[in-house]
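What follows is the content of work-v4.cif, which has mmCIF, C-alpha atoms:
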```cif
data_target
loop_
_atom_site.label_atom_id
_atom_site.label_comp_id
_atom_site.auth_asym_id
_atom_site.auth_seq_id
_atom_site.Cartn_x
_atom_site.Cartn_y
_atom_site.Cartn_z
CA MET M 177 -36.22 46.29 14.55
CA PRO M 178 -39.82 45.64 15.72
CA PRO M 179 -41.13 42.32 14.30
CA PRO M 180 -43.99 43.94 12.33
CA TRP M 181 -41.45 46.10 10.52
CA SER M 182 -39.02 43.26 9.77
CA GLN M 183 -41.90 41.13 8.46
CA ARG M 184 -43.05 43.89 6.14
CA LEU M 185 -39.57 44.62 4.81
CA ARG M 186 -38.81 40.92 4.23
CA ALA M 187 -42.07 40.50 2.33
CA GLN M 188 -41.28 43.53 0.18
CA ALA M 189 -37.75 42.24 -0.52
CA GLU M 190 -39.14 38.83 -1.54
CA GLY M 191 -41.60 40.53 -3.85
CA ARG M 192 -38.84 42.53 -5.53
CA ARG M 193 -36.73 39.43 -6.03
CA ALA M 194 -39.67 37.51 -7.48
CA ARG M 195 -40.24 40.27 -10.06
CA GLY M 196 -36.56 40.67 -10.91
CA ARG M 197 -36.57 44.15 -9.33
CA GLU M 198 -34.07 43.69 -6.51
CA ARG M 199 -31.32 46.30 -6.60
CA ALA M 200 -27.90 46.19 -4.97
CA ILE M 201 -24.93 48.53 -4.78
CA ARG M 202 -22.09 47.21 -6.93
CA PRO M 203 -18.69 48.88 -7.12
CA PRO M 204 -17.28 49.82 -10.54
CA ALA M 205 -15.63 47.01 -12.46
CA GLY M 206 -14.60 46.81 -16.11
CA ALA M 207 -14.77 49.40 -18.87
CA ASP M 208 -17.06 52.30 -17.90
CA PHE M 209 -20.15 52.26 -20.10
CA CYS M 210 -22.63 53.32 -17.44
CA SER M 211 -21.51 56.53 -15.70
CA ASN M 212 -22.39 60.10 -16.70
CA ASP M 213 -18.74 61.13 -16.96
CA TYR M 214 -19.33 62.32 -20.52
CA LEU M 215 -16.19 64.49 -20.83
CA GLY M 216 -13.88 62.17 -18.92
CA LEU M 217 -13.17 64.89 -16.35
CA ARG M 218 -13.98 62.93 -13.19
CA THR M 219 -10.40 61.66 -12.85
CA ASP M 220 -8.62 64.59 -14.51
CA PRO M 221 -5.70 65.63 -12.27
CA ARG M 222 -6.45 69.31 -12.88
CA LEU M 223 -9.80 68.95 -11.12
CA ALA M 224 -8.13 67.10 -8.26
CA GLN M 225 -5.56 69.90 -7.96
CA ALA M 226 -8.30 72.56 -7.97
CA ALA M 227 -10.20 70.65 -5.28
CA ALA M 228 -7.08 70.34 -3.12
CA GLU M 229 -6.31 74.05 -3.47
CA ALA M 230 -9.89 74.94 -2.50
CA ALA M 231 -9.65 72.69 0.56
CA ARG M 232 -6.38 74.34 1.63
CA ASN M 233 -7.79 77.84 1.21
CA PHE M 234 -11.37 77.39 2.44
CA GLY M 235 -11.54 74.05 4.29
CA THR M 236 -13.02 70.67 3.50
CA GLY M 237 -16.56 71.76 4.35
CA THR M 238 -18.54 74.95 4.73
CA GLY M 239 -20.04 74.09 8.11
CA ALA M 240 -23.32 75.87 7.44
CA ALA M 241 -26.06 76.69 4.97
CA ARG M 242 -25.42 79.50 2.50
CA LEU M 243 -27.56 81.96 4.49
CA LEU M 244 -25.49 81.40 7.64
CA ARG M 245 -21.75 81.07 7.08
CA GLY M 246 -21.73 78.68 4.12
CA THR M 247 -20.76 81.07 1.33
CA THR M 248 -17.15 81.42 0.18
CA PRO M 249 -15.76 83.52 -2.68
CA LEU M 250 -15.57 80.27 -4.67
CA HIS M 251 -19.35 79.79 -4.49
CA GLU M 252 -19.94 83.25 -5.89
CA GLU M 253 -17.26 82.80 -8.54
CA LEU M 254 -18.83 79.54 -9.72
CA GLU M 255 -22.33 81.04 -9.81
CA GLY M 256 -21.01 83.90 -11.95
CA ALA M 257 -19.20 81.55 -14.34
CA LEU M 258 -22.27 79.36 -14.77
CA ALA M 259 -24.59 82.33 -15.33
CA ARG M 260 -22.32 83.69 -18.06
CA TRP M 261 -21.97 80.27 -19.68
CA LYS M 262 -25.69 79.59 -19.63
CA GLY M 263 -26.69 83.13 -20.55
CA THR M 264 -29.19 83.32 -17.70
CA GLY M 265 -28.13 86.49 -15.91
CA ASP M 266 -27.83 84.89 -12.49
CA CYS M 267 -27.37 81.51 -10.83
CA LEU M 268 -27.89 79.71 -7.52
CA LEU M 269 -26.02 76.59 -6.36
CA PHE M 270 -27.78 73.57 -4.85
CA GLY M 271 -26.53 70.39 -3.24
CA THR M 272 -27.80 67.97 -5.89
CA GLY M 273 -29.94 68.00 -9.01
CA PHE M 274 -32.61 66.00 -7.21
CA GLN M 275 -32.69 68.54 -4.40
CA ALA M 276 -32.90 71.42 -6.87
CA ASN M 277 -35.81 70.03 -8.89
CA ALA M 278 -37.73 68.82 -5.85
CA THR M 279 -37.22 72.25 -4.25
CA LEU M 280 -37.92 74.54 -7.19
CA LEU M 281 -41.47 73.56 -8.01
CA PRO M 282 -43.10 73.82 -4.57
CA ALA M 283 -41.22 77.10 -4.04
CA LEU M 284 -42.78 78.57 -7.18
CA LEU M 285 -46.28 77.10 -7.25
CA GLY M 286 -49.24 77.43 -4.92
CA PRO M 287 -53.01 76.91 -4.83
CA GLY M 288 -54.60 77.87 -8.13
CA ASP M 289 -51.36 77.45 -10.11
CA ALA M 290 -50.50 74.58 -12.45
CA VAL M 291 -47.45 72.57 -13.48
CA PHE M 292 -47.27 70.54 -16.70
CA SER M 293 -44.62 67.83 -16.89
CA ASP M 294 -43.36 65.58 -19.69
CA ALA M 295 -44.36 61.96 -19.02
CA LEU M 296 -40.72 60.80 -19.11
CA ASN M 297 -39.18 63.52 -16.95
CA HIS M 298 -36.61 62.55 -14.33
CA ALA M 299 -37.81 61.31 -10.94
CA SER M 300 -36.63 64.54 -9.30
CA LEU M 301 -39.03 66.58 -11.44
CA VAL M 302 -41.75 64.02 -10.78
CA ASP M 303 -41.30 64.41 -7.04
CA GLY M 304 -41.16 68.18 -7.33
CA CYS M 305 -44.47 68.08 -9.22
CA ARG M 306 -46.01 65.88 -6.52
CA LEU M 307 -44.92 68.31 -3.81
CA ALA M 308 -46.39 71.20 -5.79
CA ARG M 309 -49.65 69.29 -6.17
CA ALA M 310 -49.69 68.60 -2.41
CA GLY M 311 -49.43 72.37 -1.97
CA GLY M 312 -52.56 72.94 -4.03
CA ALA M 313 -51.27 73.27 -7.60
CA HIS M 314 -52.85 71.44 -10.53
CA LEU M 315 -50.62 68.76 -12.08
CA GLY M 316 -50.86 67.87 -15.75
CA ILE M 317 -48.76 65.14 -17.37
CA TYR M 318 -48.39 65.53 -21.13
CA ARG M 319 -47.37 62.74 -23.50
CA HIS M 320 -43.63 62.49 -24.10
CA ARG M 321 -42.50 65.39 -26.33
CA ASP M 322 -46.10 65.83 -27.52
CA LEU M 323 -46.48 69.60 -27.67
CA ALA M 324 -49.99 69.40 -29.10
CA ASP M 325 -51.06 67.53 -25.97
CA LEU M 326 -49.26 70.09 -23.80
CA GLU M 327 -50.89 73.04 -25.55
CA GLY M 328 -54.30 71.43 -25.25
CA GLN M 329 -53.84 70.99 -21.51
CA LEU M 330 -52.54 74.54 -21.08
CA THR M 331 -55.47 75.94 -23.01
CA ALA M 332 -58.06 73.94 -21.09
CA TRP M 333 -56.53 74.88 -17.74
CA GLY M 334 -56.32 78.54 -18.74
CA ARG M 335 -60.03 78.64 -19.50
CA SER M 336 -60.87 77.23 -16.07
CA CYS M 337 -58.44 79.31 -14.02
CA GLU M 338 -58.23 83.06 -14.43
CA ASN M 339 -55.68 84.05 -11.80
CA GLY M 340 -53.25 81.13 -11.51
CA LEU M 341 -49.78 80.86 -13.03
CA ALA M 342 -48.51 77.97 -15.13
CA LEU M 343 -45.10 76.29 -15.25
CA VAL M 344 -43.91 73.73 -17.82
CA ALA M 345 -41.12 71.34 -16.80
CA THR M 346 -39.05 69.20 -19.15
CA ASP M 347 -35.76 67.37 -19.34
CA ALA M 348 -33.48 68.69 -22.07
CA VAL M 349 -31.93 65.27 -22.75
CA PHE M 350 -34.03 62.46 -21.28
CA SER M 351 -31.82 60.36 -19.07
CA MET M 352 -33.14 56.89 -19.92
CA ASP M 353 -33.77 57.32 -23.67
CA GLY M 354 -31.13 59.83 -24.77
CA ASP M 355 -33.60 61.80 -26.89
CA ALA M 356 -34.02 65.56 -26.63
CA ALA M 357 -36.81 68.06 -26.11
CA ASP M 358 -37.75 70.56 -28.83
CA LEU M 359 -36.79 73.68 -26.89
CA PRO M 360 -37.55 76.30 -29.58
CA ALA M 361 -41.11 74.99 -29.88
CA LEU M 362 -41.47 74.78 -26.10
CA VAL M 363 -40.19 78.33 -25.65
CA ASP M 364 -42.66 79.65 -28.25
CA LEU M 365 -45.54 77.71 -26.68
CA CYS M 366 -44.76 78.92 -23.16
CA GLU M 367 -44.39 82.52 -24.31
CA ARG M 368 -47.80 82.38 -25.97
CA HIS M 369 -49.41 81.06 -22.79
CA GLY M 370 -47.43 83.15 -20.30
CA ALA M 371 -46.03 79.97 -18.73
CA LEU M 372 -42.67 79.71 -16.98
CA LEU M 373 -40.42 77.11 -18.63
CA LEU M 374 -38.09 74.96 -16.51
CA VAL M 375 -35.52 72.93 -18.46
CA ASP M 376 -33.39 70.28 -16.75
CA GLU M 377 -30.07 70.34 -18.62
CA ALA M 378 -28.38 67.74 -16.40
CA HIS M 379 -27.40 65.48 -19.30
CA ALA M 380 -26.72 68.31 -21.78
CA THR M 381 -24.54 70.68 -19.77
CA GLY M 382 -20.93 70.43 -20.90
CA LEU M 383 -21.76 68.12 -23.79
CA LEU M 384 -23.95 70.03 -26.26
CA GLY M 385 -23.67 73.40 -27.96
CA ALA M 386 -20.87 75.46 -29.48
CA ASP M 387 -18.99 75.70 -26.18
CA GLY M 388 -20.85 73.02 -24.22
CA ALA M 389 -23.45 75.30 -22.63
CA GLY M 390 -26.18 72.72 -23.33
CA LEU M 391 -29.23 71.97 -25.44
CA SER M 392 -30.49 75.56 -25.20
CA GLN M 393 -27.32 76.69 -26.95
CA LEU M 394 -27.41 73.85 -29.47
CA GLN M 395 -31.00 74.67 -30.44
CA GLY M 396 -30.49 78.43 -30.49
CA VAL M 397 -32.62 79.53 -27.53
CA THR M 398 -29.92 80.74 -25.14
CA GLY M 399 -31.37 83.55 -23.04
CA ARG M 400 -34.98 82.58 -23.83
CA VAL M 401 -35.30 79.77 -21.26
CA PRO M 402 -36.10 81.55 -17.98
CA LEU M 403 -35.26 78.66 -15.63
CA VAL M 404 -32.43 76.19 -16.28
CA MET M 405 -31.29 73.44 -13.93
CA GLY M 406 -27.92 71.79 -14.43
CA THR M 407 -25.62 69.47 -12.55
CA LEU M 408 -21.92 69.60 -11.71
CA GLY M 409 -21.41 65.86 -11.19
CA LYS M 410 -21.93 64.54 -14.70
CA ALA M 411 -19.99 66.04 -17.61
CA LEU M 412 -18.27 68.57 -15.33
CA GLY M 413 -16.73 65.84 -13.18
CA ALA M 414 -17.44 67.36 -9.75
CA PHE M 415 -20.52 67.40 -7.51
CA GLY M 416 -23.57 69.57 -6.99
CA ALA M 417 -26.18 71.40 -9.04
CA PHE M 418 -27.26 74.88 -10.02
CA VAL M 419 -30.25 76.85 -11.22
CA GLY M 420 -29.76 79.53 -13.87
CA CYS M 421 -32.34 82.32 -13.86
CA ASP M 422 -32.67 86.10 -13.52
CA ARG M 423 -32.03 88.03 -10.30
CA LEU M 424 -35.72 88.35 -9.36
CA LEU M 425 -36.26 84.61 -9.53
CA ARG M 426 -32.97 83.88 -7.76
CA ASP M 427 -33.93 86.15 -4.87
CA HIS M 428 -37.28 84.36 -4.62
CA LEU M 429 -35.57 80.97 -4.39
CA VAL M 430 -33.09 82.21 -1.79
CA ASN M 431 -36.08 83.16 0.36
CA THR M 432 -38.46 80.24 -0.32
CA ALA M 433 -36.65 77.12 -1.59
CA ARG M 434 -36.47 74.88 1.46
CA GLY M 435 -33.81 72.64 -0.07
CA PHE M 436 -31.55 75.66 -0.39
CA ILE M 437 -32.38 77.37 2.90
CA PHE M 438 -32.02 74.30 5.13
CA SER M 439 -29.08 72.49 3.49
CA THR M 440 -25.38 72.85 4.18
CA ALA M 441 -23.61 74.58 1.31
CA LEU M 442 -21.51 72.67 -1.20
CA PRO M 443 -18.01 71.92 0.19
CA PRO M 444 -15.23 74.10 -1.23
CA PRO M 445 -13.34 71.17 -2.85
CA ALA M 446 -16.42 70.32 -4.93
CA VAL M 447 -16.86 73.96 -5.89
CA GLY M 448 -13.21 74.33 -6.85
CA ALA M 449 -13.32 71.18 -8.96
CA ALA M 450 -16.52 72.34 -10.64
CA LEU M 451 -14.94 75.69 -11.54
CA GLU M 452 -12.10 73.85 -13.24
CA GLY M 453 -14.59 71.54 -14.93
CA VAL M 454 -16.48 74.51 -16.37
CA ARG M 455 -13.22 75.97 -17.67
CA LEU M 456 -12.09 72.73 -19.30
CA ALA M 457 -15.50 72.00 -20.81
CA GLN M 458 -15.27 75.27 -22.70
CA ALA M 459 -11.53 75.16 -23.46
CA GLU M 460 -11.32 71.56 -24.71
CA PRO M 461 -14.08 70.98 -27.30
CA TRP M 462 -12.45 67.71 -28.38
CA ARG M 463 -13.95 66.09 -25.31
CA ARG M 464 -17.59 66.58 -26.29
CA GLU M 465 -16.79 65.95 -29.96
CA LYS M 466 -15.22 62.61 -29.07
CA ALA M 467 -18.03 61.57 -26.72
CA LEU M 468 -20.72 62.34 -29.30
CA ALA M 469 -18.74 60.60 -32.07
CA LEU M 470 -18.41 57.46 -29.93
CA ALA M 471 -22.13 57.54 -29.17
CA ALA M 472 -22.89 57.80 -32.89
CA ARG M 473 -20.54 54.85 -33.57
CA LEU M 474 -22.32 52.77 -30.94
CA ARG M 475 -25.76 53.66 -32.29
CA ARG M 476 -24.73 52.71 -35.83
CA GLY M 477 -23.47 49.39 -34.55
CA LEU M 478 -26.82 48.77 -32.87
CA GLY M 479 -28.83 49.91 -35.90
CA GLN M 480 -30.25 52.95 -34.10
CA ASP M 481 -30.92 56.47 -35.33
CA ASP M 482 -28.60 59.23 -34.16
CA ALA M 483 -29.50 61.46 -31.21
CA PRO M 484 -27.88 64.50 -29.56
CA SER M 485 -26.62 62.75 -26.44
CA ALA M 486 -24.09 60.27 -25.09
CA ILE M 487 -26.86 57.98 -23.79
CA VAL M 488 -27.57 54.89 -25.90
CA PRO M 489 -30.40 52.73 -24.55
CA LEU M 490 -30.78 49.13 -25.67
CA LEU M 491 -34.40 48.14 -25.06
CA VAL M 492 -34.80 44.58 -23.83
CA GLY M 493 -38.31 44.29 -22.36
CA PRO M 494 -38.39 41.68 -19.60
CA ASP M 495 -36.61 42.63 -16.37
CA ALA M 496 -34.87 39.28 -15.99
CA GLU M 497 -33.42 39.42 -19.50
CA ALA M 498 -32.00 42.89 -18.95
CA VAL M 499 -30.33 41.69 -15.76
CA ARG M 500 -28.96 38.60 -17.54
CA LEU M 501 -27.42 40.69 -20.31
CA ALA M 502 -25.86 43.14 -17.85
CA GLU M 503 -24.33 40.30 -15.83
CA ALA M 504 -23.01 38.62 -18.99
CA LEU M 505 -21.38 41.87 -20.11
CA HIS M 506 -19.92 42.35 -16.65
CA ALA M 507 -18.30 38.92 -16.93
CA GLU M 508 -16.75 40.03 -20.23
CA GLY M 509 -15.25 43.17 -18.66
CA PHE M 510 -17.86 45.83 -19.45
CA ASP M 511 -19.64 47.85 -16.78
CA VAL M 512 -23.16 48.18 -18.18
CA ARG M 513 -26.16 48.30 -15.88
CA ALA M 514 -29.75 47.09 -16.31
CA VAL M 515 -32.48 49.68 -15.77
CA ARG M 516 -35.88 48.36 -14.74
CA PRO M 517 -39.24 49.74 -13.61
CA PRO M 518 -40.10 51.98 -11.87
CA THR M 519 -37.16 53.91 -13.35
CA VAL M 520 -38.59 53.13 -16.81
CA PRO M 521 -42.15 52.17 -17.82
CA GLU M 522 -43.36 48.61 -17.34
CA GLY M 523 -42.16 46.23 -20.04
CA SER M 524 -39.32 48.49 -21.15
CA ALA M 525 -36.35 47.25 -19.11
CA ARG M 526 -33.14 48.10 -20.88
CA LEU M 527 -29.41 48.41 -20.84
CA ARG M 528 -28.59 52.10 -20.39
CA ILE M 529 -25.24 52.46 -22.14
CA THR M 530 -23.27 55.68 -21.93
CA VAL M 531 -20.01 56.78 -23.51
CA GLY M 532 -17.49 59.46 -22.67
CA ALA M 533 -14.24 61.02 -23.76
CA HIS M 534 -12.34 58.56 -21.55
CA LEU M 535 -13.21 55.74 -23.98
CA GLU M 536 -11.80 54.83 -27.40
CA GLU M 537 -13.27 53.50 -30.66
CA GLY M 538 -11.74 50.10 -29.94
CA SER M 539 -13.58 49.80 -26.63
CA VAL M 540 -16.88 50.67 -28.31
CA ASP M 541 -16.26 48.05 -30.99
CA ALA M 542 -15.35 45.50 -28.32
CA LEU M 543 -18.61 46.24 -26.49
CA LEU M 544 -20.59 45.78 -29.72
CA ALA M 545 -18.91 42.39 -30.25
CA ALA M 546 -19.64 41.35 -26.68
CA LEU M 547 -23.28 42.43 -27.02
CA ALA M 548 -23.62 40.28 -30.12
CA ARG M 549 -22.26 37.28 -28.22
CA VAL M 550 -24.34 37.64 -25.07
CA ARG M 551 -27.56 38.39 -26.94
CA ARG M 552 -27.21 35.12 -28.78
#
```

Whole structure given in structure tokens:
Amino acid sequence: MPPPWSQRLRAQAEGRRARGRERAIRPPAGADFCSNDYLGLRTDPRLAQAAAEAARNFGTGTGAARLLRGTTPLHEELEGALARWKGTGDCLLFGTGFQANATLLPALLGPGDAVFSDALNHASLVDGCRLARAGGAHLGIYRHRDLADLEGQLTAWGRSCENGLALVATDAVFSMDGDAADLPALVDLCERHGALLLVDEAHATGLLGADGAGLSQLQGVTGRVPLVMGTLGKALGAFGAFVGCDRLLRDHLVNTARGFIFSTALPPPAVGAALEGVRLAQAEPWRREKALALAARLRRGLGQDDAPSAIVPLLVGPDAEAVRLAEALHAEGFDVRAVRPPTVPEGSARLRITVGAHLEEGSVDALLAALARVRR
């Protein structure tokens, strides 16, 4: 490495360490209270069998992007199953949720258009908004779940721009706080203003709603959200992402979304596993019921209000203290990770605790006891 580069990188690493911001890859160890395996499907042998069968029938990889030779019957079967489940009419698979969100927004927005994003949206939506802004779109950030602020910004922008189109982007369940958007109010607001609504259901898909279709189903707006992003690697136990929408919008993305056009298609084993994950998420409601009950038990033990998610944040504040608590829990046999800025706002470092159907009440109670000890 050229000396100027090594000097810069060393200085940046020292700065991170001084602020308690240094990150390192650590393999799993102890009881899983940090993954997004909400339904406990990641290690289910039925998904492994479906992945193996897909590999035998279609190969371990696709070898090409979808528009070349990267489409198998499994890809189309999964897109159909997801569209029916989500009530969106059509669906398009992507490699990852980050790729989907970062790809969607610049593919839809151009000069004179506008995108309005919740202040606590996931980094993938943030980057998608930045790319749209670089392409000439206006970017408005509205206060977290503050629909009055959003409507004020939409109204002001509408007065100043006669011909542009507006898009509103929000997480369904916010990944660091575990709280949820008010989708019925957002749908009504966007319909009044003629804005396209994009909802990221990554942490709701499989977990919420009558058959696990997500927050849109739970809040009674299935079919009214025109653009839904979801992931296959969280509750569904596989890998990949998808966008639910109508055929017109899907065709537009097939022709303009660079992350779709220029990426190798999802490998058949991942697609096969995801298909089985979708089936099990709908057929075994006990999984989401158990995960949400465990999350409620954990929140009660921490003195927190209930929320419609399996994410239970424990706010700490200082970065170093969050790291200390995570390391102390690790020593006691619990895999809980510290989340620090820039993932969360300054001064709000936390333990991001998650639960899933693979856990039991006793393990939650043991974690609560360990938290009491290490916090002392």

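For range 225-237 of chain M, the non-local neighbours within 8 Å, defined as residues at least 4 positions apart in the same chain or in other chains and counting only C-alpha atoms, are Pro221, Thr248, Leu442, Pro443, Pro444, Pro445, Ala446, Val447, Gly448, Ala449 and Glu452 of chain M.
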
Could you please take those selected residues and save C-alpha atoms as a PDB file, keeping the file's coordinate frame?
```
ATOM      1  CA  PRO M 221      -5.700  65.630 -12.270  1.00  0.00           C
ATOM      2  CA  THR M 248     -17.150  81.420   0.180  1.00  0.00           C
ATOM      3  CA  LEU M 442     -21.510  72.670  -1.200  1.00  0.00           C
ATOM      4  CA  PRO M 443     -18.010  71.920   0.190  1.00  0.00           C
ATOM      5  CA  PRO M 444     -15.230  74.100  -1.230  1.00  0.00           C
ATOM      6  CA  PRO M 445     -13.340  71.170  -2.850  1.00  0.00           C
ATOM      7  CA  ALA M 446     -16.420  70.320  -4.930  1.00  0.00           C
ATOM      8  CA  VAL M 447     -16.860  73.960  -5.890  1.00  0.00           C
ATOM      9  CA  GLY M 448     -13.210  74.330  -6.850  1.00  0.00           C
ATOM     10  CA  ALA M 449     -13.320  71.180  -8.960  1.00  0.00           C
ATOM     11  CA  GLU M 452     -12.100  73.850 -13.240  1.00  0.00           C
TER      12      GLU M 452
END
```

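Distance annotation: of M:Leu326, M:Met352, M:Leu490, M:Ala276, the residue with the minimal separation from Asn297 in chain M is M:Met352; atom set is all atoms listed in the file.
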
- [ ] Return as a ChimeraX atom specification the set of residues that the PyMOL selection byres ((chain M and resi 270) around 7) yields on the displayed structure.
- [x] /M:268-269,271-272,276,416-418,436

- [ ] Excluding range 279-283 of chain M and residues on its chain fewer than 4 positions from it, collect all residues at most 10 Å away from it, counting only C-alpha atoms, and give them as a ChimeraX atom specification.
- [x] /M:270,273-275,291,300-313,343,345,374,403,405,419,428-436

Task: Result set, the PyMOL selection byres ((chain M and resi 487) around 10) on current file, as a PyMOL selection string - done: chain M and resi 209-212+214+349-355+379+467-468+471-472+474-475+483-486+488-490+528-532

Task: Selection: 9 Å around range 409-413 of chain M, all atoms listed in the file, excl. self and same-chain fewer than 6 positions, as a count of residues only - done: 27

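CA of Leu478 in chain M lies 23.3 Å from CA of Ala205 in chain M.
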
Task: Chain and number of each residue from the PyMOL selection byres ((chain M and resi 357) around 10), as a ChimeraX atom specification - done: /M:294,320-323,346-350,355-356,358-362,375,391-392,395

Open item on the list: Can you tell me which residues surround Arg513 in chain M at a distance of at most 10 Å, considering all atoms listed in the file, apart from same-chain residues fewer than 2 positions away, and format the answer as a PyMOL selection string?
Closed with: chain M and resi 202+209-211+498-499+501-503+505-506+510-511+515-516+526-530

Just C-alpha atoms for this one: save the residues we selected as a compact mmCIF listing (two decimals), in the coordinates of the input.
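Dumped to out.txt:
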```txt
# COMPACT_ATOMS: atom_id res chain seq x y z
CA ARG M 202 -22.09 47.21 -6.93
CA PHE M 209 -20.15 52.26 -20.10
CA CYS M 210 -22.63 53.32 -17.44
CA SER M 211 -21.51 56.53 -15.70
CA ALA M 498 -32.00 42.89 -18.95
CA VAL M 499 -30.33 41.69 -15.76
CA LEU M 501 -27.42 40.69 -20.31
CA ALA M 502 -25.86 43.14 -17.85
CA GLU M 503 -24.33 40.30 -15.83
CA LEU M 505 -21.38 41.87 -20.11
CA HIS M 506 -19.92 42.35 -16.65
CA PHE M 510 -17.86 45.83 -19.45
CA ASP M 511 -19.64 47.85 -16.78
CA VAL M 515 -32.48 49.68 -15.77
CA ARG M 516 -35.88 48.36 -14.74
CA ARG M 526 -33.14 48.10 -20.88
CA LEU M 527 -29.41 48.41 -20.84
CA ARG M 528 -28.59 52.10 -20.39
CA ILE M 529 -25.24 52.46 -22.14
CA THR M 530 -23.27 55.68 -21.93
```

Open item on the list: Set the distance at 7 Å and use all atoms listed in the file: which residues neighbour Gln458 in chain M once local chain neighbours fewer than 3 positions away are removed? I'd like the list as number ranges by chain.
Closed with: M: 387-388, 454-455, 461

Export of the given selection (C-alpha atoms) as an mmCIF file, in the frame of the given file:
```cif
data_model
loop_
_atom_site.group_PDB
_atom_site.id
_atom_site.type_symbol
_atom_site.label_atom_id
_atom_site.label_comp_id
_atom_site.auth_asym_id
_atom_site.auth_seq_id
_atom_site.Cartn_x
_atom_site.Cartn_y
_atom_site.Cartn_z
ATOM 1 C CA ASP M 387 -18.990 75.700 -26.180
ATOM 2 C CA GLY M 388 -20.850 73.020 -24.220
ATOM 3 C CA VAL M 454 -16.480 74.510 -16.370
ATOM 4 C CA ARG M 455 -13.220 75.970 -17.670
ATOM 5 C CA PRO M 461 -14.080 70.980 -27.300
#
```

Task: Residue among M:Arg193, M:Arg552, M:Arg186, M:Arg242 lying closest to Thr440 in chain M, counting all atoms listed in the file - done: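 Under the stated criterion, the closest residue is M:Arg242.
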
Task: Which of M:Val520, M:Val401, M:Ser539, M:Gln329 sits closest to Leu296 in chain M [using all atoms listed in the file] - done: M:Val520

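Of note, CA of Ala533 in chain M and CA of Ala389 in chain M are spaced 17.0 Å apart.
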
TODO: Compare M:Ala207, M:Ala295, M:Ala441, M:Trp462 by their minimum atom-to-atom distance to Thr247 in chain M, counting all atoms listed in the file, and give me the closest one.
DONE: M:Ala441

TODO: In Å, rounded to a single decimal, give me how far CA of Glu536 in chain M is from CA of Arg476 in chain M.
DONE: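 It comes out at 15.6 Å.
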
- [ ] Have a look at M:Ala224, M:Gly385, M:Gly493, M:Asp481 and name the one nearest to Pro521 in chain M; count only C-alpha atoms.
- [x] M:Gly493

TODO: May I ask which of the residues M:Pro179, M:Gly538, M:Gly263, M:Pro249 is the closest one to Gln393 in chain M, counting all atoms listed in the file?
DONE: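 Checking each candidate against Gln393 in chain M, we get M:Gly263 as the closest.
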
Would you save range 396-429 of chain M to a file, keeping C-alpha atoms, as a PDB file, in the first residue's frame?
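Dumped everything to part_32.pdb:
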```pdb
ATOM      1  CA  GLY M 396     -55.072  -3.179   7.233  1.00  0.00           C
ATOM      2  CA  VAL M 397     -53.576  -1.509   4.154  1.00  0.00           C
ATOM      3  CA  THR M 398     -52.704  -4.561   2.051  1.00  0.00           C
ATOM      4  CA  GLY M 399     -53.008  -3.607  -1.607  1.00  0.00           C
ATOM      5  CA  ARG M 400     -52.835   0.136  -0.879  1.00  0.00           C
ATOM      6  CA  VAL M 401     -49.035   0.396  -0.566  1.00  0.00           C
ATOM      7  CA  PRO M 402     -47.795   0.662  -4.168  1.00  0.00           C
ATOM      8  CA  LEU M 403     -44.137  -0.200  -3.502  1.00  0.00           C
ATOM      9  CA  VAL M 404     -43.029  -2.715  -0.862  1.00  0.00           C
ATOM     10  CA  MET M 405     -39.470  -3.884  -0.252  1.00  0.00           C
ATOM     11  CA  GLY M 406     -38.824  -7.017   1.771  1.00  0.00           C
ATOM     12  CA  THR M 407     -35.931  -9.318   2.541  1.00  0.00           C
ATOM     13  CA  LEU M 408     -35.508 -13.087   2.407  1.00  0.00           C
ATOM     14  CA  GLY M 409     -32.616 -13.332   4.870  1.00  0.00           C
ATOM     15  CA  LYS M 410     -34.300 -12.304   8.104  1.00  0.00           C
ATOM     16  CA  ALA M 411     -37.512 -14.019   9.216  1.00  0.00           C
ATOM     17  CA  LEU M 412     -37.587 -16.191   6.084  1.00  0.00           C
ATOM     18  CA  GLY M 413     -34.202 -17.742   6.861  1.00  0.00           C
ATOM     19  CA  ALA M 414     -32.674 -17.559   3.370  1.00  0.00           C
ATOM     20  CA  PHE M 415     -30.964 -14.772   1.416  1.00  0.00           C
ATOM     21  CA  GLY M 416     -31.961 -11.998  -0.953  1.00  0.00           C
ATOM     22  CA  ALA M 417     -34.633  -9.337  -1.289  1.00  0.00           C
ATOM     23  CA  PHE M 418     -37.673  -8.445  -3.341  1.00  0.00           C
ATOM     24  CA  VAL M 419     -39.805  -5.516  -4.408  1.00  0.00           C
ATOM     25  CA  GLY M 420     -43.578  -5.920  -4.539  1.00  0.00           C
ATOM     26  CA  CYS M 421     -45.385  -3.604  -6.953  1.00  0.00           C
ATOM     27  CA  ASP M 422     -47.675  -3.631  -9.990  1.00  0.00           C
ATOM     28  CA  ARG M 423     -46.624  -4.800 -13.460  1.00  0.00           C
ATOM     29  CA  LEU M 424     -46.043  -1.292 -14.841  1.00  0.00           C
ATOM     30  CA  LEU M 425     -43.629  -0.420 -12.058  1.00  0.00           C
ATOM     31  CA  ARG M 426     -41.919  -3.818 -12.246  1.00  0.00           C
ATOM     32  CA  ASP M 427     -41.299  -3.388 -15.965  1.00  0.00           C
ATOM     33  CA  HIS M 428     -39.815   0.044 -15.290  1.00  0.00           C
ATOM     34  CA  LEU M 429     -37.398  -1.392 -12.724  1.00  0.00           C
TER      35      LEU M 429
END
```
